[in-house]
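Participant: For reference, this is protein_29.txt, and it has compact mmCIF, C-alpha atoms.
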```
# COMPACT_ATOMS: atom_id res chain seq x y z
CA MET A 677 47.55 -28.50 -31.48
CA ALA A 678 46.05 -27.71 -28.07
CA ASP A 679 49.15 -29.05 -26.32
CA LEU A 680 51.42 -26.98 -28.56
CA LEU A 681 49.40 -23.85 -27.84
CA TYR A 682 49.53 -24.59 -24.11
CA LEU A 683 53.31 -24.87 -24.44
CA ALA A 684 53.42 -21.52 -26.26
CA ALA A 685 51.34 -19.97 -23.47
CA ALA A 686 53.73 -21.35 -20.85
CA VAL A 687 56.70 -19.89 -22.74
CA ALA A 688 54.89 -16.53 -22.86
CA PHE A 689 54.42 -16.70 -19.06
CA ILE A 690 58.13 -17.32 -18.52
CA VAL A 691 59.29 -14.65 -20.97
CA GLY A 692 56.78 -12.15 -19.57
CA LEU A 693 57.90 -12.80 -16.00
CA ARG A 694 61.53 -12.43 -17.01
CA ARG A 695 60.85 -9.06 -18.64
CA LEU A 696 58.97 -7.87 -15.56
CA GLY A 697 62.35 -7.85 -13.82
CA GLY A 698 63.33 -4.45 -15.26
CA PRO A 699 61.44 -1.15 -15.56
CA ARG A 700 62.32 -0.70 -19.23
CA THR A 701 60.84 -4.05 -20.23
CA ALA A 702 58.08 -4.43 -17.63
CA ARG A 703 55.20 -3.18 -19.80
CA ALA A 704 56.18 -5.47 -22.66
CA GLY A 705 56.51 -8.36 -20.22
CA ASN A 706 53.05 -7.69 -18.87
CA ARG A 707 51.58 -7.72 -22.39
CA ILE A 708 53.41 -10.91 -23.37
CA ALA A 709 52.18 -12.75 -20.27
CA ALA A 710 48.63 -11.43 -20.86
CA VAL A 711 48.66 -12.75 -24.43
CA GLY A 712 49.85 -16.10 -23.11
CA MET A 713 46.96 -16.22 -20.65
CA LEU A 714 44.49 -15.27 -23.38
CA VAL A 715 45.78 -18.12 -25.54
CA ALA A 716 45.48 -20.59 -22.67
CA ILE A 717 41.91 -19.51 -21.90
CA VAL A 718 40.73 -19.61 -25.50
CA VAL A 719 42.35 -23.01 -26.16
CA THR A 720 40.80 -24.47 -23.02
CA LEU A 721 37.30 -23.22 -23.72
CA VAL A 722 37.34 -24.10 -27.41
CA SER A 723 39.06 -27.49 -27.19
CA GLU A 724 36.72 -28.61 -24.41
CA GLY A 725 33.67 -27.27 -26.22
CA LEU A 726 32.64 -25.33 -23.14
CA VAL A 727 31.38 -22.14 -24.77
CA ASN A 728 30.58 -20.72 -28.13
CA TRP A 729 32.39 -17.77 -29.67
CA GLY A 730 29.63 -15.36 -28.70
CA THR A 731 29.91 -16.25 -25.03
CA LEU A 732 33.71 -16.11 -25.20
CA THR A 733 33.65 -12.67 -26.84
CA ALA A 734 31.15 -11.36 -24.30
CA GLY A 735 33.29 -12.60 -21.42
CA LEU A 736 36.41 -10.98 -22.86
CA ALA A 737 34.55 -7.72 -23.40
CA VAL A 738 33.23 -7.61 -19.83
CA GLY A 739 36.58 -8.55 -18.31
CA SER A 740 38.52 -6.10 -20.47
CA GLY A 741 36.03 -3.34 -19.72
CA LEU A 742 36.35 -3.86 -15.97
CA GLY A 743 40.12 -3.96 -16.25
CA ALA A 744 40.20 -0.71 -18.20
CA TRP A 745 37.83 0.93 -15.73
CA PHE A 746 40.00 -0.05 -12.75
CA ALA A 747 43.15 1.06 -14.59
CA VAL A 748 41.70 4.53 -15.13
CA ARG A 749 39.87 5.04 -11.85
CA VAL A 750 42.20 3.52 -9.26
CA GLN A 751 44.78 6.01 -8.00
CA MET A 752 48.43 4.98 -7.73
CA THR A 753 48.16 5.39 -3.95
CA ALA A 754 45.50 2.67 -3.97
CA MET A 755 47.48 0.26 -6.12
CA PRO A 756 48.49 -1.93 -3.13
CA GLN A 757 44.81 -2.35 -2.25
CA MET A 758 44.08 -3.28 -5.86
CA VAL A 759 46.86 -5.89 -5.84
CA ALA A 760 45.48 -7.30 -2.59
CA ALA A 761 42.01 -7.51 -4.15
CA PHE A 762 43.46 -9.25 -7.21
CA ASN A 763 45.26 -11.75 -4.98
CA GLY A 764 42.05 -12.47 -3.11
CA SER A 765 40.08 -12.85 -6.32
CA GLY A 766 42.70 -15.25 -7.70
CA GLY A 767 42.54 -17.35 -4.55
CA ALA A 768 38.74 -17.41 -4.69
CA ALA A 769 38.81 -18.44 -8.37
CA SER A 770 41.13 -21.37 -7.63
CA ALA A 771 39.02 -22.47 -4.68
CA LEU A 772 35.89 -22.31 -6.87
CA VAL A 773 37.55 -24.43 -9.58
CA ALA A 774 38.42 -27.01 -6.93
CA SER A 775 34.87 -26.79 -5.55
CA VAL A 776 33.46 -27.63 -9.00
CA ALA A 777 35.77 -30.65 -9.04
CA VAL A 778 34.26 -31.70 -5.69
CA ILE A 779 30.74 -31.40 -7.07
CA GLU A 780 31.42 -33.21 -10.33
CA SER A 781 33.73 -35.98 -9.05
CA ASP A 782 32.95 -39.32 -7.50
CA LEU A 783 34.78 -38.55 -4.25
CA SER A 784 34.63 -42.14 -3.05
CA SER A 785 36.76 -43.38 -5.94
CA ILE A 786 39.07 -40.53 -6.94
CA ALA A 787 42.81 -41.02 -6.61
CA VAL A 788 44.48 -39.84 -3.41
CA GLU A 789 46.69 -37.35 -5.29
CA THR A 790 43.61 -35.79 -6.89
CA SER A 791 41.90 -35.46 -3.52
CA VAL A 792 45.02 -33.86 -2.06
CA SER A 793 45.22 -31.41 -4.98
CA ILE A 794 41.56 -30.43 -4.56
CA LEU A 795 42.00 -29.91 -0.82
CA ALA A 796 45.21 -27.90 -1.31
CA SER A 797 43.49 -25.61 -3.80
CA ILE A 798 40.48 -25.10 -1.52
CA VAL A 799 42.58 -24.47 1.59
CA ILE A 800 45.18 -22.16 0.03
CA GLY A 801 42.59 -20.40 -2.12
CA ALA A 802 40.22 -19.77 0.79
CA VAL A 803 43.01 -18.52 3.08
CA THR A 804 44.26 -16.26 0.29
CA PHE A 805 40.76 -14.91 -0.35
CA THR A 806 39.90 -13.80 3.18
CA GLY A 807 43.48 -12.91 4.11
CA SER A 808 43.85 -10.67 1.06
CA PHE A 809 40.66 -8.77 1.74
CA VAL A 810 41.66 -8.24 5.37
CA ALA A 811 44.93 -6.79 4.00
CA PHE A 812 42.83 -4.68 1.61
CA GLY A 813 40.83 -3.36 4.56
CA LYS A 814 43.95 -2.46 6.52
CA LEU A 815 45.49 -0.63 3.57
CA GLN A 816 42.22 1.14 2.76
CA GLY A 817 41.73 2.23 6.36
CA ALA A 818 38.48 0.29 6.77
CA ILE A 819 40.27 -1.89 9.35
CA ALA A 820 42.75 -0.50 11.87
CA GLY A 821 46.30 -0.77 10.54
CA ARG A 822 47.71 -1.68 13.95
CA PRO A 823 47.99 -5.35 14.94
CA LEU A 824 44.59 -6.55 16.19
CA LEU A 825 45.30 -8.88 19.10
CA PHE A 826 43.16 -10.69 21.67
CA ALA A 827 43.86 -12.95 24.62
CA GLY A 828 44.79 -16.47 23.63
CA GLN A 829 45.02 -15.54 19.97
CA ARG A 830 47.95 -17.82 19.20
CA VAL A 831 46.24 -20.71 20.95
CA VAL A 832 43.09 -20.14 18.92
CA ASN A 833 45.06 -19.88 15.66
CA GLY A 834 47.03 -23.01 16.51
CA ALA A 835 43.84 -24.92 17.32
CA LEU A 836 42.27 -23.81 14.04
CA LEU A 837 45.36 -24.90 12.11
CA VAL A 838 45.28 -28.32 13.76
CA GLY A 839 41.55 -28.51 13.06
CA LEU A 840 42.14 -27.59 9.42
CA ILE A 841 44.68 -30.40 9.01
CA ALA A 842 42.37 -32.87 10.75
CA ALA A 843 39.39 -31.83 8.61
CA SER A 844 41.50 -32.21 5.45
CA VAL A 845 42.52 -35.74 6.46
CA TRP A 846 38.89 -36.53 7.23
CA ALA A 847 37.77 -35.19 3.85
CA ALA A 848 40.36 -37.21 1.96
CA ALA A 849 39.51 -40.39 3.86
CA ALA A 850 35.72 -40.06 4.00
CA GLY A 851 35.16 -39.05 0.39
CA GLN A 852 32.15 -36.92 1.33
CA ALA A 853 31.42 -33.47 -0.09
CA PHE A 854 30.33 -32.17 3.32
CA ALA A 855 33.84 -32.73 4.69
CA TYR A 856 35.30 -30.60 1.90
CA TRP A 857 32.91 -27.74 2.72
CA VAL A 858 33.96 -27.93 6.38
CA VAL A 859 37.58 -27.60 5.27
CA ALA A 860 36.67 -24.56 3.15
CA ALA A 861 34.82 -22.88 6.03
CA VAL A 862 37.69 -23.38 8.48
CA ALA A 863 40.20 -22.11 5.89
CA LEU A 864 38.17 -18.93 5.41
CA VAL A 865 38.36 -18.22 9.15
CA VAL A 866 42.09 -19.03 9.26
CA GLY A 867 42.71 -16.44 6.54
CA VAL A 868 41.07 -13.71 8.60
CA LEU A 869 42.74 -14.60 11.90
CA ALA A 870 46.15 -14.99 10.27
CA VAL A 871 46.25 -11.44 8.90
CA ILE A 872 44.51 -9.30 11.54
CA PRO A 873 47.43 -9.52 14.02
CA ILE A 874 49.88 -8.20 11.40
CA GLY A 875 50.63 -4.47 11.52
CA GLY A 876 50.10 -2.10 8.62
CA ALA A 877 53.85 -1.67 8.23
CA ASP A 878 54.14 -5.29 7.19
CA MET A 879 51.31 -5.31 4.67
CA PRO A 880 53.71 -5.18 1.66
CA VAL A 881 55.23 -8.47 2.81
CA VAL A 882 51.80 -9.96 3.44
CA ILE A 883 50.58 -8.93 -0.01
CA SER A 884 53.65 -10.52 -1.60
CA LEU A 885 53.14 -13.73 0.38
CA LEU A 886 49.44 -13.88 -0.48
CA ASN A 887 50.35 -13.32 -4.12
CA SER A 888 52.53 -16.43 -3.85
CA PHE A 889 49.63 -18.29 -2.22
CA SER A 890 47.28 -17.35 -5.07
CA GLY A 891 49.76 -18.92 -7.50
CA LEU A 892 50.09 -22.08 -5.41
CA ALA A 893 46.30 -22.36 -5.22
CA ALA A 894 46.10 -22.06 -9.00
CA ALA A 895 48.79 -24.73 -9.47
CA ALA A 896 46.94 -27.07 -7.11
CA ALA A 897 43.72 -26.45 -9.05
CA GLY A 898 45.63 -27.28 -12.22
CA PHE A 899 46.61 -30.67 -10.77
CA ALA A 900 43.01 -31.23 -9.69
CA ILE A 901 41.56 -30.69 -13.17
CA GLY A 902 44.57 -31.79 -15.24
CA SER A 903 45.47 -28.39 -16.72
CA ASN A 904 49.17 -28.05 -17.54
CA ALA A 905 48.83 -24.34 -18.34
CA LEU A 906 47.31 -23.67 -14.92
CA ILE A 907 50.02 -25.70 -13.21
CA ILE A 908 52.83 -23.82 -14.96
CA GLY A 909 51.27 -20.38 -14.54
CA GLY A 910 50.46 -20.99 -10.88
CA ALA A 911 53.91 -22.37 -10.14
CA LEU A 912 55.57 -19.31 -11.69
CA VAL A 913 53.43 -16.91 -9.66
CA GLY A 914 53.97 -18.94 -6.50
CA ALA A 915 57.73 -19.09 -6.90
CA ALA A 916 58.12 -15.43 -7.91
CA GLY A 917 55.94 -14.25 -5.02
CA LEU A 918 57.84 -16.36 -2.50
CA ILE A 919 61.22 -15.10 -3.74
CA LEU A 920 60.02 -11.51 -3.51
CA THR A 921 58.66 -12.14 0.00
CA PHE A 922 62.02 -13.34 1.26
CA GLN A 923 63.82 -10.47 -0.49
CA MET A 924 61.56 -8.01 1.33
CA THR A 925 62.01 -9.62 4.74
CA GLU A 926 65.76 -9.55 4.14
CA ALA A 927 65.53 -5.84 3.31
CA MET A 928 63.79 -5.35 6.67
CA ASN A 929 66.31 -7.58 8.50
CA ARG A 930 63.47 -9.71 9.82
CA SER A 931 62.34 -13.27 9.36
CA LEU A 932 59.05 -14.20 7.74
CA GLY A 933 57.97 -15.73 11.05
CA ASN A 934 58.62 -12.42 12.80
CA VAL A 935 56.50 -10.59 10.25
CA LEU A 936 53.62 -13.04 10.58
CA PHE A 937 53.60 -13.59 14.33
CA ALA A 938 55.33 -10.70 16.11
CA GLY A 939 52.52 -8.13 15.82
CA PHE A 940 55.12 -5.53 14.88
CA GLY A 941 54.33 -1.92 14.02
CA SER A 942 51.90 0.38 15.75
CA GLY A 943 51.34 2.62 12.76
CA ASP A 944 48.11 2.82 10.84
CA SER A 945 48.00 1.99 7.16
CA THR A 946 46.67 5.43 6.29
CA GLY A 947 49.52 7.21 8.02
CA ALA A 948 50.14 7.21 11.75
CA ALA A 949 49.37 10.47 13.45
CA GLY A 950 51.69 9.61 16.31
CA VAL A 951 52.77 11.97 19.07
CA MET A 952 54.48 15.24 18.21
CA SER A 953 57.98 15.44 19.66
CA ASP A 954 59.04 18.52 21.60
CA LYS A 955 62.67 18.31 20.45
CA PRO A 956 63.91 21.33 18.51
CA VAL A 957 64.22 21.03 14.74
CA ASN A 958 65.55 23.24 11.98
CA ARG A 959 62.39 24.41 10.27
CA ALA A 960 62.73 25.44 6.64
CA THR A 961 60.71 27.21 4.00
CA ALA A 962 60.43 26.52 0.29
CA ASP A 963 62.91 29.34 -0.26
CA ASP A 964 65.43 27.65 2.04
CA ALA A 965 65.01 24.39 0.17
CA ALA A 966 65.41 26.14 -3.20
CA ILE A 967 68.66 27.77 -2.11
CA ALA A 968 70.12 24.51 -0.80
CA LEU A 969 69.11 22.62 -3.95
CA GLY A 970 70.01 25.36 -6.41
CA TYR A 971 73.57 25.72 -5.17
CA ALA A 972 74.24 21.98 -4.93
CA GLN A 973 76.23 19.99 -7.44
CA SER A 974 74.52 16.67 -6.67
CA VAL A 975 71.04 15.92 -5.30
CA MET A 976 69.55 12.59 -4.25
CA ILE A 977 65.74 12.38 -4.01
CA VAL A 978 64.36 9.74 -1.63
CA PRO A 979 60.64 9.06 -2.27
CA GLY A 980 58.33 7.58 0.35
CA TYR A 981 54.65 7.06 0.96
CA GLY A 982 54.20 10.82 1.45
CA LEU A 983 55.06 11.25 -2.22
CA ALA A 984 52.35 8.76 -3.16
CA VAL A 985 49.69 10.27 -0.91
CA ALA A 986 50.33 13.74 -2.31
CA GLN A 987 50.53 12.47 -5.91
CA ALA A 988 53.74 14.47 -6.11
CA GLN A 989 55.69 12.36 -8.60
CA HIS A 990 55.15 14.81 -11.47
CA ALA A 991 56.13 17.76 -9.28
CA ALA A 992 59.30 15.89 -8.28
CA ARG A 993 60.16 15.31 -11.93
CA LYS A 994 59.65 19.01 -12.77
CA LEU A 995 61.90 20.09 -9.90
CA ALA A 996 64.54 17.57 -10.97
CA ASP A 997 64.37 18.85 -14.56
CA ALA A 998 64.88 22.43 -13.37
CA LEU A 999 67.87 21.39 -11.26
CA GLU A 1000 69.42 19.47 -14.17
CA ALA A 1001 68.96 22.53 -16.38
CA GLN A 1002 71.21 24.36 -13.92
CA GLY A 1003 73.85 21.64 -14.09
CA VAL A 1004 72.88 19.74 -10.93
CA THR A 1005 73.21 15.94 -11.03
CA VAL A 1006 69.98 14.31 -9.81
CA HIS A 1007 69.32 10.70 -8.81
CA TYR A 1008 66.55 8.89 -6.93
CA ALA A 1009 67.28 6.43 -4.11
CA ILE A 1010 64.63 3.69 -3.85
CA HIS A 1011 64.50 1.55 -0.70
CA PRO A 1012 63.16 -2.00 -1.28
CA VAL A 1013 60.25 -1.53 1.14
CA ALA A 1014 59.44 2.13 0.47
CA GLY A 1015 55.72 2.65 -0.08
CA ARG A 1016 53.03 0.04 0.40
CA MET A 1017 53.91 -2.47 -2.27
CA PRO A 1018 57.06 -3.90 -3.87
CA GLY A 1019 58.09 -1.49 -6.61
CA HIS A 1020 55.54 1.14 -5.53
CA MET A 1021 57.98 4.06 -5.82
CA ASN A 1022 59.38 2.81 -9.14
CA VAL A 1023 55.89 2.67 -10.62
CA LEU A 1024 55.03 6.17 -9.42
CA LEU A 1025 58.22 7.68 -10.82
CA ALA A 1026 57.87 5.77 -14.09
CA GLU A 1027 54.39 7.28 -14.41
CA ALA A 1028 56.10 10.70 -14.30
CA ASP A 1029 58.59 9.58 -16.99
CA VAL A 1030 61.60 9.77 -14.68
CA PRO A 1031 64.56 8.32 -16.63
CA TYR A 1032 65.23 4.75 -15.55
CA GLU A 1033 68.96 5.33 -15.23
CA GLN A 1034 68.28 7.86 -12.45
CA LEU A 1035 66.52 5.25 -10.30
CA LEU A 1036 69.01 3.65 -7.90
CA ASP A 1037 68.34 0.78 -5.51
CA LEU A 1038 69.71 0.74 -1.98
CA GLU A 1039 73.00 -0.95 -2.90
CA GLN A 1040 73.65 1.55 -5.70
CA ALA A 1041 72.61 4.68 -3.80
CA ASP A 1042 74.11 4.09 -0.39
CA PRO A 1043 77.81 4.50 -1.37
CA MET A 1044 76.95 7.80 -3.06
CA PHE A 1045 75.60 9.67 -0.02
CA ASN A 1046 79.06 10.68 1.21
CA GLN A 1047 79.57 12.57 -2.08
CA THR A 1048 76.01 13.96 -2.27
CA ASP A 1049 75.47 17.64 -1.45
CA VAL A 1050 71.74 17.52 -0.71
CA VAL A 1051 69.30 14.70 -0.04
CA LEU A 1052 65.61 15.55 -0.53
CA ILE A 1053 63.35 13.16 1.38
CA LEU A 1054 59.71 13.10 0.29
CA GLY A 1055 57.60 11.40 2.93
CA ALA A 1056 59.99 8.55 3.79
CA ASN A 1057 60.55 7.75 7.46
CA ASP A 1058 61.60 4.32 8.73
CA VAL A 1059 63.77 3.58 5.67
CA VAL A 1060 66.00 6.58 6.51
CA ASN A 1061 65.95 6.19 10.31
CA PRO A 1062 69.52 6.05 11.71
CA SER A 1063 68.22 4.10 14.73
CA ALA A 1064 68.33 1.01 12.56
CA ARG A 1065 72.09 1.49 12.34
CA ASP A 1066 73.05 3.11 15.64
CA GLU A 1067 70.64 1.91 18.37
CA PRO A 1068 70.84 -1.83 19.22
CA GLY A 1069 67.68 -1.55 21.32
CA SER A 1070 65.57 -0.13 18.50
CA PRO A 1071 62.78 -2.34 17.08
CA ILE A 1072 64.21 -1.77 13.59
CA TYR A 1073 67.87 -2.26 14.53
CA GLY A 1074 69.75 -4.07 11.78
CA MET A 1075 67.29 -3.12 9.05
CA PRO A 1076 69.22 -1.87 5.99
CA ILE A 1077 68.50 1.83 5.52
CA LEU A 1078 69.47 4.62 3.18
CA ASN A 1079 72.24 6.40 5.10
CA VAL A 1080 71.07 9.84 4.09
CA ASP A 1081 72.61 11.49 7.16
CA ARG A 1082 76.03 11.06 5.55
CA ALA A 1083 75.19 13.63 2.88
CA GLY A 1084 76.15 17.27 3.21
CA ARG A 1085 72.59 18.50 3.78
CA VAL A 1086 69.25 16.72 4.30
CA ILE A 1087 65.86 18.26 3.52
CA VAL A 1088 62.88 16.32 4.87
CA VAL A 1089 59.46 17.13 3.41
CA LYS A 1090 56.84 15.85 5.81
CA ARG A 1091 53.50 16.97 7.17
CA SER A 1092 54.58 16.62 10.81
CA LEU A 1093 57.04 14.89 13.13
CA SER A 1094 54.75 11.86 13.40
CA PRO A 1095 56.49 8.47 13.51
CA GLY A 1096 56.49 5.99 10.66
CA PHE A 1097 54.73 2.66 10.63
CA ALA A 1098 57.27 1.24 13.08
CA GLY A 1099 55.86 3.70 15.60
CA ILE A 1100 59.25 5.07 16.69
CA ASP A 1101 60.86 8.50 16.58
CA ASN A 1102 63.45 9.35 13.92
CA PRO A 1103 66.69 11.02 15.16
CA LEU A 1104 67.33 12.24 11.61
CA PHE A 1105 64.70 14.94 12.07
CA TYR A 1106 66.73 16.55 14.87
CA ASN A 1107 70.13 16.31 13.20
CA GLU A 1108 71.86 19.69 12.87
CA LYS A 1109 72.31 19.20 9.11
CA THR A 1110 68.59 18.41 8.57
CA LEU A 1111 66.05 20.98 7.40
CA MET A 1112 62.41 20.11 8.10
CA LEU A 1113 59.96 21.45 5.52
CA PHE A 1114 56.52 20.77 6.99
CA ALA A 1115 54.07 20.65 4.08
CA ASP A 1116 52.23 18.44 1.66
CA ALA A 1117 54.88 16.97 -0.65
CA LYS A 1118 53.31 18.29 -3.85
CA VAL A 1119 52.84 21.80 -2.47
CA ALA A 1120 56.39 21.84 -1.08
CA LEU A 1121 57.88 20.76 -4.40
CA GLU A 1122 55.85 23.27 -6.42
CA ASP A 1123 56.75 26.11 -4.04
CA SER A 1124 60.41 25.09 -4.09
CA LEU A 1125 60.40 25.02 -7.88
CA ALA A 1126 58.91 28.52 -8.02
CA ALA A 1127 61.52 29.76 -5.55
CA LEU A 1128 64.29 28.07 -7.55
CA LYS A 1129 63.25 29.84 -10.72
CA ALA A 1130 63.27 33.15 -8.84
CA LEU A 1131 66.88 32.77 -7.68
```
Please express the file's structure as structure tokens.
Facilitator:
Amino acid sequence: MADLLYLAAAVAFIVGLRRLGGPRTARAGNRIAAVGMLVAIVVTLVSEGLVNWGTLTAGLAVGSGLGAWFAVRVQMTAMPQMVAAFNGSGGAASALVASVAVIESDLSSIAVETSVSILASIVIGAVTFTGSFVAFGKLQGAIAGRPLLFAGQRVVNGALLVGLIAASVWAAAAGQAFAYWVVAAVALVVGVLAVIPIGGADMPVVISLLNSFSGLAAAAAGFAIGSNALIIGGALVGAAGLILTFQMTEAMNRSLGNVLFAGFGSGDSTGAAGVMSDKPVNRATADDAAIALGYAQSVMIVPGYGLAVAQAQHAARKLADALEAQGVTVHYAIHPVAGRMPGHMNVLLAEADVPYEQLLDLEQADPMFNQTDVVLILGANDVVNPSARDEPGSPIYGMPILNVDRAGRVIVVKRSLSPGFAGIDNPLFYNEKTLMLFADAKVALEDSLAALKAL
């Protein structure tokens, strides 16, 4: 019966992951996968006689209470940090499971494959733990978002990596607990030094990669303790996270190695202040924006991190509703790396009940800009920067962008002319067809809506 229930849990993981692939089914997929995990946990604890029902109920109550508290208190702008913290916690949990195996096993007589599984879980889990919380610090602003570099950093990191491999071989051969703890300590340091040289602009990729690592650590822990459910669940998370990581690097036209080792991006994770340009721009007011939008036949809204910071998703929906009431066709163009987390913009707009059919990915939206009257950009920067298309010497050259400058009119809502996380200027701001509305995104949208109603 336990094996059958484990199989049912595994099926729930797969079905849940599959349904997470679309916004309409994502919530149901999340619930299905959660039920599968609950089944796996209960079956494990009960079949092994590890706890009584009182302890199990208390644990579920505490965990559910904390989850509900985080769900209510954590703002959508802080969701990337929360995901990073979850990744780190998952890595730590896997490393702790492997550590218990070290304590309870006769290391001098365990099979080689078991020793390798334990070491893999400890190493990957420890790297994920410290690396994820460094990413958390960068996103939260507690650590500078720019790449933190020092002389000889690559040599030090290379030496630590070699030392980690050597310590792992020593631990497997010696069969001594002390060797395993040395491996864990070195892995913790590697996690920190691997993430600090990565710029804030690349944190979404790092979070996705660390999410994959947390799954791999769980799968390795499953091999170490003989848990099929843990192996399957960890493998699914690891594979899904790795696929997403490569999809994101492809969307940025960069390799994973470039993301991890190039120290790219001078921007800070809380929003680079940058240097104000002295080039002339077409400044606009909310009234100007309302006139351009109100007399358009088609409008494309491009959300960015500025939308998230201002919590302006509901204001964007209200403005879109008012435009549609006047017969204007409204869509949203979502770049794959907009925001600070894969799917960040989709989640924000879904929270405001934006119809799913209005959300277009890059491939869907890009051919439509030539026929779009007005593009309204809300805090996006690098993902609409024409330098990626037109300037071979630009650091972001070749990165797929939303070609918003091909629309009839562009309205950019932004606090200032500060650069994006890539740390470079955006020629779009100085284009003759661009109107710059310098304001908080929520305030700008509310003022534009009021002006639209007054037309």
Participant: Build an axis-aligned box that encloses every atom of stretch 987-1002 of chain A listed in the file, pad it by 6 Å on each side, and report its centre and edge lengths in Å to one decimal, as JSON.
Facilitator:
```
{"center_x": 60.9, "center_y": 18.4, "center_z": -11.1, "size_x": 32.7, "size_y": 24.0, "size_z": 22.5}
```
Participant: Which one of A:Gly741, A:Gly891, A:Gly692, A:Gly821 sits closest to A:Ala771 if you count all atoms listed in the file?
Facilitator: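 Closest to A:Ala771, using all atoms listed in the file: A:Gly891.
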Participant: From (57.4, 26.2, -6.8), in the file's coordinates, out to 12 Å: which residues are reached, counting all atoms listed in the file? Answer as a VMD selection string.
Facilitator: chain A and resid 961 to 963 965 to 966 991 to 992 994 to 996 998 1117 to 1131
Participant: Looking at only C-alpha atoms, which of A:Ala744, A:Val773, A:Val831, A:Val1050 is the one that sits closest to A:Gly1084?
Facilitator: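 Selected residue with least distance to A:Gly1084: A:Val1050.
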Participant: Compare A:Leu1035, A:Ile717, A:Leu1104, A:Ala972 by their minimum atom-to-atom distance to A:Gln1047, counting only C-alpha atoms, and give me the closest one.
Facilitator: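 The shortest atom-to-atom distance to A:Gln1047 comes from A:Ala972.
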Participant: Per residue of stretch 866-948 of chain A within 9 Å of stretch 791-804 of chain A, record the nearest atom pair and its distance in Å to one decimal, counting all atoms listed in the file, with rows in chain order and ascending residue number, as CSV.
Facilitator:
```
residue,atom,partner,partner_atom,distance
A:Val866,CA,A:Val803,CA,6.3
A:Gly867,CA,A:Val803,CA,4.0
A:Val868,CA,A:Val803,CA,7.6
A:Ala870,CA,A:Val803,CA,8.6
A:Leu886,CA,A:Thr804,CA,5.8
A:Asn887,CA,A:Thr804,CA,8.1
A:Phe889,CA,A:Thr804,CA,6.3
A:Ser890,CA,A:Thr804,CA,6.2
A:Leu892,CA,A:Ile800,CA,7.3
A:Ala893,CA,A:Ser797,CA,4.5
A:Ala894,CA,A:Ser797,CA,6.8
A:Ala895,CA,A:Ser797,CA,7.8
A:Ala896,CA,A:Ser797,CA,5.0
A:Ala897,CA,A:Ser797,CA,5.3
A:Gly898,CA,A:Ser793,CA,8.3
A:Phe899,CA,A:Ser793,CA,6.0
A:Ala900,CA,A:Ser793,CA,5.2
A:Ile901,CA,A:Ile794,CA,8.6
```
Participant: Could you please give me, as a list in words, the residues of protein, DNA or RNA lying at most 12 Å from (75.8, 18.1, -7.4) in the coordinate frame of the file, considering all atoms listed in the file?
Facilitator: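 Applying the cut-off with all atoms listed in the file, one gets Ala968, Leu969, Gly970, Tyr971, Ala972, Gln973, Ser974, Val975, Met976, Ala996, Leu999, Glu1000, Gln1002, Gly1003, Val1004, Thr1005, Val1006, His1007, Met1044, Phe1045, Asn1046, Gln1047, Thr1048, Asp1049, Val1050, Val1051, Ala1083, Gly1084 and Arg1085 of chain A.
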Participant: Could you write out that same residue set with C-alpha atoms as a compact mmCIF listing (two decimals), in the frame of the given file?
Facilitator:
```txt
# COMPACT_ATOMS: atom_id res chain seq x y z
CA ALA A 968 70.12 24.51 -0.80
CA LEU A 969 69.11 22.62 -3.95
CA GLY A 970 70.01 25.36 -6.41
CA TYR A 971 73.57 25.72 -5.17
CA ALA A 972 74.24 21.98 -4.93
CA GLN A 973 76.23 19.99 -7.44
CA SER A 974 74.52 16.67 -6.67
CA VAL A 975 71.04 15.92 -5.30
CA MET A 976 69.55 12.59 -4.25
CA ALA A 996 64.54 17.57 -10.97
CA LEU A 999 67.87 21.39 -11.26
CA GLU A 1000 69.42 19.47 -14.17
CA GLN A 1002 71.21 24.36 -13.92
CA GLY A 1003 73.85 21.64 -14.09
CA VAL A 1004 72.88 19.74 -10.93
CA THR A 1005 73.21 15.94 -11.03
CA VAL A 1006 69.98 14.31 -9.81
CA HIS A 1007 69.32 10.70 -8.81
CA MET A 1044 76.95 7.80 -3.06
CA PHE A 1045 75.60 9.67 -0.02
CA ASN A 1046 79.06 10.68 1.21
CA GLN A 1047 79.57 12.57 -2.08
CA THR A 1048 76.01 13.96 -2.27
CA ASP A 1049 75.47 17.64 -1.45
CA VAL A 1050 71.74 17.52 -0.71
CA VAL A 1051 69.30 14.70 -0.04
CA ALA A 1083 75.19 13.63 2.88
CA GLY A 1084 76.15 17.27 3.21
CA ARG A 1085 72.59 18.50 3.78
```
Participant: To one decimal in Å, tell me the separation between atom CA of A:Thr720 and atom CA of A:Val859.
Facilitator: 28.6 Å
Participant: Got a sec: who's within 10 Å of A:Val711, counting all atoms listed in the file, leaving out chain neighbours fewer than 3 positions off, as a PyMOL selection string?
Facilitator: chain A and resi 685+688-689+692+705-708+714-717
Participant: By how many Å are atom CA of A:Tyr856 and atom CA of A:Thr790 apart?
Facilitator: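 Answer for the atom CA of A:Tyr856 to atom CA of A:Thr790 separation: 13.2 Å.
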Participant: Given the choices A:Ala678, A:Leu906, A:Met879, A:Leu1024, which gets closest to A:Glu724 if the distance is worked out from only C-alpha atoms?
Facilitator: A:Ala678
Participant: Would you mind listing what lies within 6 Å of stretch 1056-1061 of chain A as a list in words, with all atoms listed in the file counted and same-chain residues fewer than 5 positions away left out?
Facilitator: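 Listing them by chain and then by number gives Gly980, Ile1077, Leu1078, Gly1096 and Asn1102 of chain A.
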Participant: Would you save the residues from that selection as a CSV table (one decimal), in the frame of the given file, using C-alpha atoms?
Facilitator:
```csv
chain,number,residue,atom,x,y,z
A,980,GLY,CA,58.3,7.6,0.4
A,1077,ILE,CA,68.5,1.8,5.5
A,1078,LEU,CA,69.5,4.6,3.2
A,1096,GLY,CA,56.5,6.0,10.7
A,1102,ASN,CA,63.4,9.4,13.9
```
